[in-house]
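J.: Sharing a structure below in C-alpha cells format, with a few things to ask.
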Amino acid sequence: MTDALDRLREQIVAAATTDIPKSFLEDLSSRAKLAYSDTYQEVAQSRTVLREQRLAKIRQTRPFRMDWELAQAAQSAGLAYSAKELAENDWSYAYVVAGNFGFTQSYVPTLGALPQSAKFRDDLAAAARIPRLAIDAPEEVFQPRRFYGLFAHNPIGRTFTEDHQKLGSLQLCVPFENMSGWALEIGVLELIAGFPTATKDDVAGRGPNWKKDVAKKESDLS
C-alpha cells in the first residue's frame, strides 16, 4: 500500500512539473501572501465590523480575494479559467485548467485537513482518474491521466492579529475520489523547487542565433 501510494505521488508530481507553468505557481505564491496581508488590513481597518466578528469576516472575505488572485495568475500565465455559477449551489468558483490538471482553491483549517464539503469538489474529484488503492497492478496504472488539484491554504494562527493572519501554507493537494482524502499534498514552494533546471545547452538552444542569421543574409546579398 505504501509503495503504491508513493509511486502514485511521484507520478502526480511528475505530471505537475510537466503540465503546470512554473511562472503560474510562482505568481500564485506571491499573490497569496499579498492577499492574506491585504484582507487582514481591510477587515482590521473597517469601521463597520464589530471587533468580535472580525475573524468570521476575514474568513468570508478571503475566498473572494483568493479566487481573484488565482484567476489573475492564470491569465498572466496564459491558462484558461472560468468562474461560472454552479447549478448545485448558485455560487461561482474560479476554475483553472493546465494540461492534465484542473484547479480550484480553498481555505483549510489545518495542514492535511479537507475543505468544507462541497458537491462541486466531490464531482471534480470523482471525475479525475486517480486509481483506487490498495492495488496490485502494472506500472501503466500509475501513468498520469487527468487530475483535479486544489490549492489549499490557511493562515499561521487562529486569532485575529496581523501575525496570525499571515499566510501559513499554500499547498497543491490532489484528492482521491469524492474528496475522501489526499493522494498528494505538496507545498507550492516545494513543487517549484522540484522543477527541472535548464542546462546551459538548453538556454543556448533557445537563444536567438542572430549573428549566424546576419552573416547568412550578408552572404546571400554578396
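In the C-alpha cells, chains take the letters A, B, ... in the order shown, each chain's residues start at 1, and ligands count up from 1 in the order shown.
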Excluding Trp182 of chain A and residues on its chain fewer than 4 positions from it, collect all residues at most 8 Å away from it, counting only C-alpha atoms, and give them as a PDB file with N, CA, C and O atoms, in the first residue's frame.
T.:
```pdb
ATOM      1  N   GLY A 112      -3.218  19.197   5.951  1.00  0.00           N
ATOM      2  CA  GLY A 112      -3.734  17.842   5.837  1.00  0.00           C
ATOM      3  C   GLY A 112      -5.234  17.730   5.927  1.00  0.00           C
ATOM      4  O   GLY A 112      -5.804  16.693   5.592  1.00  0.00           O
ATOM      5  N   CYS A 173      -2.932  20.100  -3.468  1.00  0.00           N
ATOM      6  CA  CYS A 173      -3.464  18.836  -2.980  1.00  0.00           C
ATOM      7  C   CYS A 173      -4.280  18.174  -4.081  1.00  0.00           C
ATOM      8  O   CYS A 173      -5.069  18.839  -4.754  1.00  0.00           O
ATOM      9  N   VAL A 174      -4.077  16.892  -4.269  1.00  0.00           N
ATOM     10  CA  VAL A 174      -4.837  16.125  -5.260  1.00  0.00           C
ATOM     11  C   VAL A 174      -5.630  15.071  -4.495  1.00  0.00           C
ATOM     12  O   VAL A 174      -5.041  14.203  -3.844  1.00  0.00           O
ATOM     13  N   PRO A 175      -6.961  15.147  -4.536  1.00  0.00           N
ATOM     14  CA  PRO A 175      -7.774  14.245  -3.722  1.00  0.00           C
ATOM     15  C   PRO A 175      -8.054  12.905  -4.388  1.00  0.00           C
ATOM     16  O   PRO A 175      -8.028  12.779  -5.612  1.00  0.00           O
ATOM     17  N   PHE A 176      -8.354  11.927  -3.546  1.00  0.00           N
ATOM     18  CA  PHE A 176      -8.935  10.685  -4.026  1.00  0.00           C
ATOM     19  C   PHE A 176     -10.390  10.958  -4.407  1.00  0.00           C
ATOM     20  O   PHE A 176     -10.921  12.045  -4.161  1.00  0.00           O
TER      21      PHE A 176
END
```
J.: Write out as a ChimeraX atom specification which residues come within 6 Å of Ala128 of chain A when counting only C-alpha atoms, dropping same-chain ones fewer than 3 positions away.
T.: /A:125,146-148
J.: Using only C-alpha atoms, which protein or nucleic acid residues come within 8 Å of Ala35 of chain A? Drop anything in the same chain fewer than 6 positions from it, and give the result as a list in words.
T.: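 Listed by chain and then number, they are Arg62, Arg65, Met66 and Glu69 of chain A.
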J.: Write the residues of the preceding selection, restricted to C-alpha atoms, as a PDB file, in the first residue's frame.
T.:
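As a result, selection10.pdb now contains:
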```
ATOM      1  CA  ARG A  62     -10.568  35.911   1.877  1.00  0.00           C
ATOM      2  CA  ARG A  65      -9.727  37.570  -2.952  1.00  0.00           C
ATOM      3  CA  MET A  66      -8.014  34.205  -3.395  1.00  0.00           C
ATOM      4  CA  GLU A  69      -5.671  36.033  -7.401  1.00  0.00           C
TER       5      GLU A  69
END
```
J.: Have a look at A:Trp68, A:Trp91, A:Phe103, A:Phe151 and name the one nearest to Val188 of chain A; count only C-alpha atoms.
T.: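 Of all the options, A:Phe151 lies closest to Val188 of chain A.
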J.: List as a count of residues only the protein and nucleic acid residues near Ala152 of chain A, meaning an atom at most 10 Å away when only C-alpha atoms are counted, but skip any in the same chain fewer than 2 places from it.
T.: 25
J.: Have a look at A:Val97, A:Ile156, A:Leu191, A:Ala126 and name the one nearest to Asn178 of chain A; count only C-alpha atoms.
T.: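 Ranked by minimum distance to Asn178 of chain A, first place goes to A:Ala126.
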J.: Please identify which residues in segment 18-48 of chain A DSSP calls helix (DSSP H, G or I) from the backbone, and express them as a list in words.
T.: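 Here is the list: Thr18, Asp19, Lys22, Ser23, Phe24, Leu25, Glu26, Asp27, Leu28, Ser29, Ser30, Arg31, Ala32, Lys33, Leu34, Ala35, Tyr36, Ser37, Asp38, Thr39, Tyr40, Gln41, Glu42, Val43 and Ala44 of chain A.
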J.: Between A:Leu167, A:Ala94, A:Ile192, A:Leu5, single out the one closest to Ala71 of chain A, counting only C-alpha atoms.
T.: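 Smallest distance to Ala71 of chain A is found for A:Ala94.
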J.: Would you mind listing what lies within 6 Å of Ser92 of chain A as a short mmCIF file (atom, residue, chain, number, x, y, z; two decimals) with N, CA, C and O atoms, in the first residue's frame, with only C-alpha atoms counted and same-chain residues fewer than 2 positions away left out?
T.:
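Okay, this is what ended up in selection18.cif:
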```
data_model
loop_
_atom_site.label_atom_id
_atom_site.label_comp_id
_atom_site.auth_asym_id
_atom_site.auth_seq_id
_atom_site.Cartn_x
_atom_site.Cartn_y
_atom_site.Cartn_z
N ALA A 83 -15.30 31.16 -14.04
CA ALA A 83 -15.93 31.33 -12.73
C ALA A 83 -17.44 31.32 -12.92
O ALA A 83 -18.17 32.15 -12.39
N LYS A 84 -17.92 30.36 -13.68
CA LYS A 84 -19.34 30.27 -13.94
C LYS A 84 -20.09 29.77 -12.71
O LYS A 84 -19.57 28.99 -11.90
N GLU A 85 -21.32 30.21 -12.60
CA GLU A 85 -22.15 29.81 -11.48
C GLU A 85 -22.46 28.32 -11.56
O GLU A 85 -22.71 27.78 -12.64
#
```
J.: Record the distance separating atom CA of Asp90 of chain A and atom CA of Thr48 of chain A, expressed in Å with one decimal.
T.: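 Distance reported for this atom pair: 27.1 Å.
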J.: Just give me the gap between atom CA of Ala73 of chain A and atom CA of Glu26 of chain A in Å, one decimal is fine.
T.: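 So the two atoms, atom CA of Ala73 of chain A and atom CA of Glu26 of chain A, lie 8.9 Å apart.
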J.: What's around Glu162 of chain A at 12 Å? Count only C-alpha atoms, leave out sequence neighbours fewer than 2 positions away in its own chain, and write the answer as a PDB file with N, CA, C and O atoms, in the first residue's frame.
T.:
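In the end it all went to part.pdb:
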```
ATOM      1  N   TYR A  36      -3.487  37.547   1.749  1.00  0.00           N
ATOM      2  CA  TYR A  36      -3.692  37.359   3.179  1.00  0.00           C
ATOM      3  C   TYR A  36      -3.398  38.654   3.936  1.00  0.00           C
ATOM      4  O   TYR A  36      -4.135  39.041   4.855  1.00  0.00           O
ATOM      5  N   SER A  37      -2.331  39.338   3.554  1.00  0.00           N
ATOM      6  CA  SER A  37      -1.978  40.594   4.215  1.00  0.00           C
ATOM      7  C   SER A  37      -3.034  41.669   3.966  1.00  0.00           C
ATOM      8  O   SER A  37      -3.466  42.365   4.890  1.00  0.00           O
ATOM      9  N   ASP A  38      -3.460  41.793   2.717  1.00  0.00           N
ATOM     10  CA  ASP A  38      -4.427  42.825   2.350  1.00  0.00           C
ATOM     11  C   ASP A  38      -5.786  42.607   3.007  1.00  0.00           C
ATOM     12  O   ASP A  38      -6.424  43.566   3.472  1.00  0.00           O
ATOM     13  N   THR A  39      -6.264  41.359   3.022  1.00  0.00           N
ATOM     14  CA  THR A  39      -7.581  41.117   3.608  1.00  0.00           C
ATOM     15  C   THR A  39      -7.569  41.363   5.115  1.00  0.00           C
ATOM     16  O   THR A  39      -8.566  41.828   5.683  1.00  0.00           O
ATOM     17  N   TYR A  40      -6.440  41.106   5.758  1.00  0.00           N
ATOM     18  CA  TYR A  40      -6.354  41.427   7.189  1.00  0.00           C
ATOM     19  C   TYR A  40      -6.492  42.938   7.386  1.00  0.00           C
ATOM     20  O   TYR A  40      -7.275  43.392   8.238  1.00  0.00           O
ATOM     21  N   GLN A  41      -5.741  43.705   6.620  1.00  0.00           N
ATOM     22  CA  GLN A  41      -5.799  45.154   6.759  1.00  0.00           C
ATOM     23  C   GLN A  41      -7.186  45.693   6.436  1.00  0.00           C
ATOM     24  O   GLN A  41      -7.690  46.606   7.107  1.00  0.00           O
ATOM     25  N   GLU A  42      -7.804  45.128   5.429  1.00  0.00           N
ATOM     26  CA  GLU A  42      -9.147  45.567   5.032  1.00  0.00           C
ATOM     27  C   GLU A  42     -10.147  45.384   6.158  1.00  0.00           C
ATOM     28  O   GLU A  42     -10.937  46.279   6.469  1.00  0.00           O
ATOM     29  N   VAL A  43     -10.129  44.222   6.800  1.00  0.00           N
ATOM     30  CA  VAL A  43     -11.074  43.946   7.883  1.00  0.00           C
ATOM     31  C   VAL A  43     -10.684  44.708   9.152  1.00  0.00           C
ATOM     32  O   VAL A  43     -11.536  45.256   9.846  1.00  0.00           O
ATOM     33  N   ALA A  44      -9.387  44.762   9.445  1.00  0.00           N
ATOM     34  CA  ALA A  44      -8.921  45.437  10.654  1.00  0.00           C
ATOM     35  C   ALA A  44      -9.261  46.924  10.641  1.00  0.00           C
ATOM     36  O   ALA A  44      -9.551  47.518  11.681  1.00  0.00           O
ATOM     37  N   GLN A  45      -9.247  47.540   9.471  1.00  0.00           N
ATOM     38  CA  GLN A  45      -9.494  48.977   9.355  1.00  0.00           C
ATOM     39  C   GLN A  45     -10.954  49.322   9.085  1.00  0.00           C
ATOM     40  O   GLN A  45     -11.316  50.497   9.009  1.00  0.00           O
ATOM     41  N   ARG A  54     -14.605  40.065  13.585  1.00  0.00           N
ATOM     42  CA  ARG A  54     -13.584  40.256  12.557  1.00  0.00           C
ATOM     43  C   ARG A  54     -13.001  38.940  12.047  1.00  0.00           C
ATOM     44  O   ARG A  54     -12.691  38.809  10.863  1.00  0.00           O
ATOM     45  N   LEU A  55     -12.821  37.973  12.918  1.00  0.00           N
ATOM     46  CA  LEU A  55     -12.283  36.685  12.478  1.00  0.00           C
ATOM     47  C   LEU A  55     -13.253  36.003  11.515  1.00  0.00           C
ATOM     48  O   LEU A  55     -12.842  35.443  10.493  1.00  0.00           O
ATOM     49  N   ILE A  58     -13.124  37.935   8.082  1.00  0.00           N
ATOM     50  CA  ILE A  58     -11.973  37.689   7.212  1.00  0.00           C
ATOM     51  C   ILE A  58     -12.089  36.323   6.540  1.00  0.00           C
ATOM     52  O   ILE A  58     -11.656  36.141   5.397  1.00  0.00           O
ATOM     53  N   PRO A 155      -4.087  30.408   7.314  1.00  0.00           N
ATOM     54  CA  PRO A 155      -3.233  31.386   7.996  1.00  0.00           C
ATOM     55  C   PRO A 155      -2.328  30.712   9.014  1.00  0.00           C
ATOM     56  O   PRO A 155      -2.488  29.528   9.330  1.00  0.00           O
ATOM     57  N   ILE A 156      -1.392  31.496   9.546  1.00  0.00           N
ATOM     58  CA  ILE A 156      -0.456  30.968  10.539  1.00  0.00           C
ATOM     59  C   ILE A 156      -1.181  30.548  11.813  1.00  0.00           C
ATOM     60  O   ILE A 156      -0.901  29.495  12.386  1.00  0.00           O
ATOM     61  N   GLY A 157      -2.087  31.395  12.278  1.00  0.00           N
ATOM     62  CA  GLY A 157      -2.759  31.117  13.555  1.00  0.00           C
ATOM     63  C   GLY A 157      -4.260  31.248  13.473  1.00  0.00           C
ATOM     64  O   GLY A 157      -4.841  31.324  12.380  1.00  0.00           O
ATOM     65  N   ARG A 158      -4.907  31.306  14.627  1.00  0.00           N
ATOM     66  CA  ARG A 158      -6.373  31.282  14.682  1.00  0.00           C
ATOM     67  C   ARG A 158      -6.978  32.499  15.364  1.00  0.00           C
ATOM     68  O   ARG A 158      -8.183  32.528  15.608  1.00  0.00           O
ATOM     69  N   THR A 159      -6.154  33.477  15.694  1.00  0.00           N
ATOM     70  CA  THR A 159      -6.692  34.691  16.297  1.00  0.00           C
ATOM     71  C   THR A 159      -6.582  35.842  15.305  1.00  0.00           C
ATOM     72  O   THR A 159      -5.786  35.796  14.365  1.00  0.00           O
ATOM     73  N   PHE A 160      -7.400  36.870  15.521  1.00  0.00           N
ATOM     74  CA  PHE A 160      -7.390  37.992  14.590  1.00  0.00           C
ATOM     75  C   PHE A 160      -6.301  38.986  14.988  1.00  0.00           C
ATOM     76  O   PHE A 160      -6.538  40.035  15.598  1.00  0.00           O
ATOM     77  N   HIS A 164      -0.921  36.365  13.112  1.00  0.00           N
ATOM     78  CA  HIS A 164      -1.648  35.113  12.962  1.00  0.00           C
ATOM     79  C   HIS A 164      -2.374  35.011  11.621  1.00  0.00           C
ATOM     80  O   HIS A 164      -2.630  33.902  11.137  1.00  0.00           O
ATOM     81  N   GLN A 165      -2.714  36.139  11.024  1.00  0.00           N
ATOM     82  CA  GLN A 165      -3.476  36.107   9.783  1.00  0.00           C
ATOM     83  C   GLN A 165      -2.602  36.226   8.529  1.00  0.00           C
ATOM     84  O   GLN A 165      -3.123  36.394   7.426  1.00  0.00           O
ATOM     85  N   LYS A 166      -1.286  36.112   8.687  1.00  0.00           N
ATOM     86  CA  LYS A 166      -0.421  35.993   7.519  1.00  0.00           C
ATOM     87  C   LYS A 166      -0.580  34.599   6.929  1.00  0.00           C
ATOM     88  O   LYS A 166      -1.016  33.659   7.598  1.00  0.00           O
ATOM     89  N   LEU A 167      -0.198  34.450   5.648  1.00  0.00           N
ATOM     90  CA  LEU A 167      -0.281  33.146   5.003  1.00  0.00           C
ATOM     91  C   LEU A 167       0.620  32.151   5.710  1.00  0.00           C
ATOM     92  O   LEU A 167       1.822  32.386   5.871  1.00  0.00           O
TER      93      LEU A 167
END
```
J.: Can you work out which one of A:Pro196, A:Gly78, A:Gly168, A:Pro63 has the shortest atom-to-atom distance to Thr18 of chain A, counting only C-alpha atoms?
T.: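 Closest to Thr18 of chain A of all the choices is A:Pro196.
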J.: Measuring atom to atom with only C-alpha atoms, identify which of A:Phe24, A:Ala14, A:Arg129, A:Met179 is nearest to Gln116 of chain A.
T.: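 Comparing A:Phe24, A:Ala14, A:Arg129, A:Met179 against Gln116 of chain A, the winner is A:Met179.
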J.: Could you tell me how far atom CA of Arg9 of chain A lies from atom CA of Leu79 of chain A, in Å and to one decimal?
T.: 23.9 Å
J.: Give the answer as one residue: which of A:Gln75, A:Asn100, A:Thr161, A:Gln60 has the shortest atom-to-atom distance to Asp27 of chain A, using only C-alpha atoms?
T.: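 Ranking A:Gln75, A:Asn100, A:Thr161, A:Gln60 by distance to Asp27 of chain A, first place goes to A:Gln75.
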